[in-house]
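Content type mmCIF, C-alpha atoms, from the file entry01.cif:
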```cif
data_model
loop_
_atom_site.label_atom_id
_atom_site.label_comp_id
_atom_site.auth_asym_id
_atom_site.auth_seq_id
_atom_site.Cartn_x
_atom_site.Cartn_y
_atom_site.Cartn_z
CA MET A 1 99.39 68.29 76.62
CA LYS A 2 97.26 70.56 74.43
CA LYS A 3 96.65 72.89 77.40
CA LYS A 4 100.38 73.14 78.09
CA VAL A 5 101.11 74.01 74.48
CA LEU A 6 98.25 76.54 74.47
CA TRP A 7 99.54 78.22 77.65
CA ALA A 8 103.10 78.23 76.30
CA VAL A 9 101.89 80.00 73.14
CA ILE A 10 99.81 82.48 75.17
CA SER A 11 102.77 83.17 77.47
CA PHE A 12 105.05 83.71 74.48
CA ILE A 13 102.57 86.12 72.85
CA LEU A 14 102.14 88.04 76.12
CA SER A 15 105.91 88.25 76.52
CA VAL A 16 106.36 89.57 72.99
CA LEU A 17 103.58 92.13 73.47
CA THR A 18 105.05 93.21 76.82
CA ILE A 19 108.53 93.65 75.36
CA TYR A 20 107.09 95.52 72.37
CA THR A 21 105.14 97.86 74.67
CA LEU A 22 108.14 98.47 76.90
CA PHE A 23 110.64 99.22 74.16
CA TYR A 24 108.58 100.91 71.47
CA ASN A 25 106.14 103.01 73.45
CA SER A 26 108.09 104.09 76.51
CA GLY A 27 111.38 105.44 75.22
CA LEU A 28 113.42 102.45 76.41
CA SER A 29 115.77 100.85 73.92
CA LEU A 30 117.42 97.48 73.63
CA SER A 31 120.84 99.12 73.46
CA GLU A 32 120.21 100.87 76.81
CA LEU A 33 119.03 97.59 78.32
CA TRP A 34 122.10 95.76 77.02
CA GLN A 35 124.35 98.54 78.36
CA ASP A 36 122.69 98.30 81.78
CA ILE A 37 123.13 94.53 81.80
CA ASN A 38 126.82 94.88 80.86
CA GLU A 39 127.38 97.45 83.62
CA ALA A 40 125.60 95.35 86.25
CA THR A 41 127.67 93.49 88.79
CA PRO A 42 127.21 89.74 88.22
CA GLU A 43 127.71 88.86 91.87
CA TRP A 44 124.63 90.99 92.68
CA LEU A 45 122.53 89.86 89.72
CA ILE A 46 122.54 86.25 90.87
CA PRO A 47 121.29 87.01 94.42
CA ALA A 48 118.74 89.43 92.92
CA ALA A 49 117.40 86.69 90.63
CA LEU A 50 117.33 84.23 93.54
CA CYS A 51 115.44 86.77 95.69
CA MET A 52 112.93 87.27 92.88
CA LEU A 53 112.34 83.51 92.64
CA GLY A 54 112.20 83.31 96.45
CA PHE A 55 109.56 86.03 96.55
CA ILE A 56 107.41 84.12 94.05
CA PHE A 57 108.00 80.81 95.85
CA PHE A 58 107.13 82.14 99.32
CA GLU A 59 104.06 84.03 98.13
CA GLY A 60 102.88 80.87 96.40
CA ARG A 61 103.62 78.83 99.52
CA SER A 62 101.65 81.34 101.57
CA LEU A 63 98.65 81.02 99.25
CA VAL A 64 98.86 77.21 99.39
CA LEU A 65 98.92 77.23 103.21
CA ILE A 66 95.97 79.61 103.37
CA LEU A 67 93.99 77.47 100.92
CA ARG A 68 94.82 74.29 102.86
CA ASN A 69 93.55 75.93 106.05
CA LEU A 70 90.34 76.73 104.17
CA GLY A 71 89.96 73.04 103.32
CA TYR A 72 91.34 72.92 99.77
CA ARG A 73 94.08 70.51 98.71
CA ALA A 74 96.28 73.06 96.94
CA LYS A 75 99.60 71.92 95.50
CA LYS A 76 102.91 73.78 95.80
CA ARG A 77 103.29 73.99 92.02
CA ARG A 78 99.87 75.60 91.71
CA GLY A 79 100.81 78.08 94.44
CA PHE A 80 103.87 79.04 92.38
CA LEU A 81 101.55 79.55 89.40
CA TYR A 82 99.16 81.74 91.42
CA ALA A 83 102.02 83.89 92.73
CA SER A 84 103.67 84.11 89.29
CA ALA A 85 100.41 85.26 87.71
CA ASP A 86 99.95 87.83 90.48
CA ILE A 87 103.43 89.29 90.09
CA TYR A 88 103.47 89.15 86.29
CA PHE A 89 100.15 90.90 85.76
CA SER A 90 100.80 93.39 88.57
CA SER A 91 103.99 94.35 86.77
CA ILE A 92 102.39 95.02 83.38
CA THR A 93 99.07 96.61 84.31
CA PRO A 94 98.47 100.24 85.29
CA SER A 95 98.46 100.85 89.05
CA ALA A 96 99.50 97.21 89.58
CA THR A 97 95.90 95.99 89.82
CA GLY A 98 95.93 93.01 87.48
CA GLY A 99 97.72 90.46 89.61
CA GLN A 100 95.03 89.40 92.02
CA PRO A 101 92.33 88.91 89.37
CA ALA A 102 94.80 86.75 87.42
CA SER A 103 95.54 84.67 90.52
CA ALA A 104 91.83 84.46 91.26
CA TRP A 105 91.15 83.21 87.73
CA PHE A 106 93.69 80.39 88.06
CA MET A 107 92.39 79.48 91.54
CA HIS A 108 88.79 79.45 90.35
CA LYS A 109 89.81 77.32 87.36
CA ASP A 110 91.27 74.81 89.88
CA GLY A 111 87.84 74.48 91.51
CA ILE A 112 88.39 76.81 94.46
CA SER A 113 85.24 78.69 95.45
CA GLY A 114 84.96 82.43 95.01
CA VAL A 115 84.75 82.94 98.77
CA ALA A 116 87.94 80.95 99.40
CA VAL A 117 89.73 82.79 96.58
CA THR A 118 88.71 86.16 98.02
CA VAL A 119 89.67 85.24 101.58
CA SER A 120 93.03 83.80 100.54
CA LEU A 121 93.93 86.83 98.43
CA ILE A 122 92.87 89.28 101.15
CA LEU A 123 94.86 87.37 103.77
CA ASN A 124 97.87 87.32 101.45
CA LEU A 125 97.53 91.06 100.83
CA THR A 126 97.20 91.68 104.57
CA MET A 127 100.39 89.76 105.29
CA TYR A 128 102.16 91.63 102.48
CA THR A 129 100.97 94.96 103.91
CA LEU A 130 102.14 93.97 107.40
CA ALA A 131 105.55 93.07 105.97
CA ILE A 132 105.83 96.47 104.27
CA ILE A 133 104.81 98.28 107.47
CA THR A 134 107.34 96.26 109.47
CA LEU A 135 110.14 97.01 107.00
CA GLY A 136 109.20 100.69 106.95
CA LEU A 137 109.18 100.98 110.73
CA PHE A 138 112.42 98.97 110.95
CA SER A 139 114.03 101.40 108.50
CA LEU A 140 112.77 104.46 110.41
CA ILE A 141 114.01 103.11 113.76
CA PHE A 142 117.40 101.73 112.73
CA PHE A 143 118.26 104.08 109.85
CA PRO A 144 116.75 107.45 110.81
CA ASP A 145 119.46 109.36 108.93
CA ILE A 146 118.03 108.18 105.62
CA PHE A 147 114.57 109.44 106.57
CA MET A 148 115.95 112.73 107.91
CA SER A 149 117.86 113.36 104.66
CA PHE A 150 114.59 113.75 102.72
CA GLU A 151 112.95 117.11 102.16
CA LEU A 152 109.93 117.96 104.34
CA PRO A 153 107.29 117.18 101.65
CA CYS A 154 108.85 113.72 101.15
CA LYS A 155 108.85 113.06 104.90
CA ILE A 156 105.18 113.99 105.08
CA MET A 157 104.33 111.68 102.15
CA ILE A 158 106.26 108.78 103.74
CA LEU A 159 104.43 109.23 107.04
CA ILE A 160 101.08 109.50 105.24
CA GLY A 161 101.95 106.27 103.39
CA ILE A 162 102.68 104.48 106.66
CA VAL A 163 99.38 105.63 108.14
CA ILE A 164 97.44 104.58 105.03
CA MET A 165 99.12 101.16 105.00
CA PHE A 166 98.25 100.71 108.67
CA LEU A 167 94.61 101.70 108.03
CA LEU A 168 94.40 99.30 105.09
CA THR A 169 95.73 96.50 107.26
CA VAL A 170 93.09 97.25 109.91
CA PHE A 171 90.46 97.34 107.15
CA PHE A 172 91.52 93.95 105.75
CA ILE A 173 91.53 92.36 109.20
CA LEU A 174 88.08 93.78 109.93
CA LEU A 175 86.90 92.55 106.54
CA LEU A 176 87.92 89.02 107.46
CA LYS A 177 87.07 88.93 111.17
CA LYS A 178 84.52 91.65 112.03
CA GLN A 179 82.40 92.45 108.98
CA ILE A 180 79.62 93.84 111.18
CA ILE A 181 81.89 96.75 112.21
CA LEU A 182 82.49 97.62 108.55
CA ILE A 183 78.76 97.45 107.85
CA LYS A 184 78.08 99.86 110.72
CA ILE A 185 80.81 102.24 109.48
CA GLY A 186 79.38 102.02 105.96
CA ASN A 187 75.88 102.77 107.24
CA ILE A 188 77.14 105.79 109.20
CA ILE A 189 78.95 107.12 106.09
CA SER A 190 75.85 106.49 103.95
CA SER A 191 73.60 108.34 106.42
CA LEU A 192 76.04 111.29 106.54
CA LEU A 193 76.05 111.49 102.75
#
```
Would you mind giving the structure from this file in structure tokens?
Amino acid sequence: MKKKVLWAVISFILSVLTIYTLFYNSGLSLSELWQDINEATPEWLIPAALCMLGFIFFEGRSLVLILRNLGYRAKKRRGFLYASADIYFSSITPSATGGQPASAWFMHKDGISGVAVTVSLILNLTMYTLAIITLGLFSLIFFPDIFMSFELPCKIMILIGIVIMFLLTVFFILLLKKQIILIKIGNIISSLL
């Protein structure tokens, strides 16, 4: 019970600090937020909130399934916690880098080894990257007019982004399945330098 109260207090303090940072240091105001909420269409806000909760639920479920395949008895509620921590800290940290360490901390606290935490988070990131690549390619194939409406520099940046995402996916898969190839590539780069 003491832990729950402690985490509730910590969550409240983090929420207050986040709101303070957003509204007092970034030029946002509560009146603008309230105006945006009033102008929003309620029939779209509800599905948006459900999609947000679905995203957290399915990412947590994915982490639980990965951990179970690695031999850990992870619970669905803990998976929701891992995913919530990932999304929350990714949203408030620069360059969205805080989420995975937060998830890793909670996983490690639950007795999951560092290796299993790393593998599960890399697999989760790989699946997320594959989903983004799939959505991007789907959009390019079925809605080419949107892509063609961009200026040339934007088109180039989008294509570079797709290539980088694909290379990262290959890197993550090699990291999990064929580490020896990455070691050889690293040795070649080291010898060239």
Hits of the PyMOL selection byres ((chain A and resi 78) around 9) in this structure, as a ChimeraX atom specification: /A:60,64,74-77,79-83,106-107,110
Nearby residues (all atoms listed in the file) at most 12 Å from stretch 10-22 of chain A, same-chain spacing under 6 positions excluded, as a VMD selection string: chain A and resid 3 to 4 28 to 30 33 84 to 85 88 to 89 91 to 93
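The two atoms in question, atom CA of A:Lys2 and atom CA of A:Gly99, are spaced 25.0 Å apart.
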Quick one: which stretch 28-136 of chain A residues come within 12 Å of stretch 173-187 of chain A, and what is the nearest atom pair for each with the distance in Å to one decimal, counting all atoms listed in the file, rows ordered by chain and ascending number, as CSV?
```
residue,atom,partner,partner_atom,distance
A:Val115,CA,A:Leu176,CA,11.1
A:Ala116,CA,A:Leu176,CA,11.4
A:Thr118,CA,A:Leu176,CA,9.9
A:Val119,CA,A:Leu176,CA,7.2
A:Ser120,CA,A:Leu176,CA,10.1
A:Leu121,CA,A:Leu176,CA,11.1
A:Ile122,CA,A:Leu176,CA,8.0
A:Leu123,CA,A:Leu176,CA,8.0
A:Asn124,CA,A:Ile173,CA,11.2
A:Leu125,CA,A:Ile173,CA,10.4
A:Thr126,CA,A:Ile173,CA,7.4
A:Met127,CA,A:Ile173,CA,10.0
A:Thr129,CA,A:Ile173,CA,11.1
A:Leu130,CA,A:Ile173,CA,10.9
```
Given all atoms listed in the file as the basis, pick out the residue of A:Tyr128, A:Ala104, A:Ile188, A:Pro42 nearest to A:Leu168. A:Tyr128
Target residues per the PyMOL selection byres ((chain A and resi 158) around 12), formatted as a list in words: Ile133, Gly136, Leu137, Ser139, Leu140, Ile146, Phe147, Met148, Phe150, Glu151, Leu152, Pro153, Cys154, Lys155, Ile156, Met157, Leu159, Ile160, Gly161, Ile162, Val163, Ile164 and Met165 of chain A
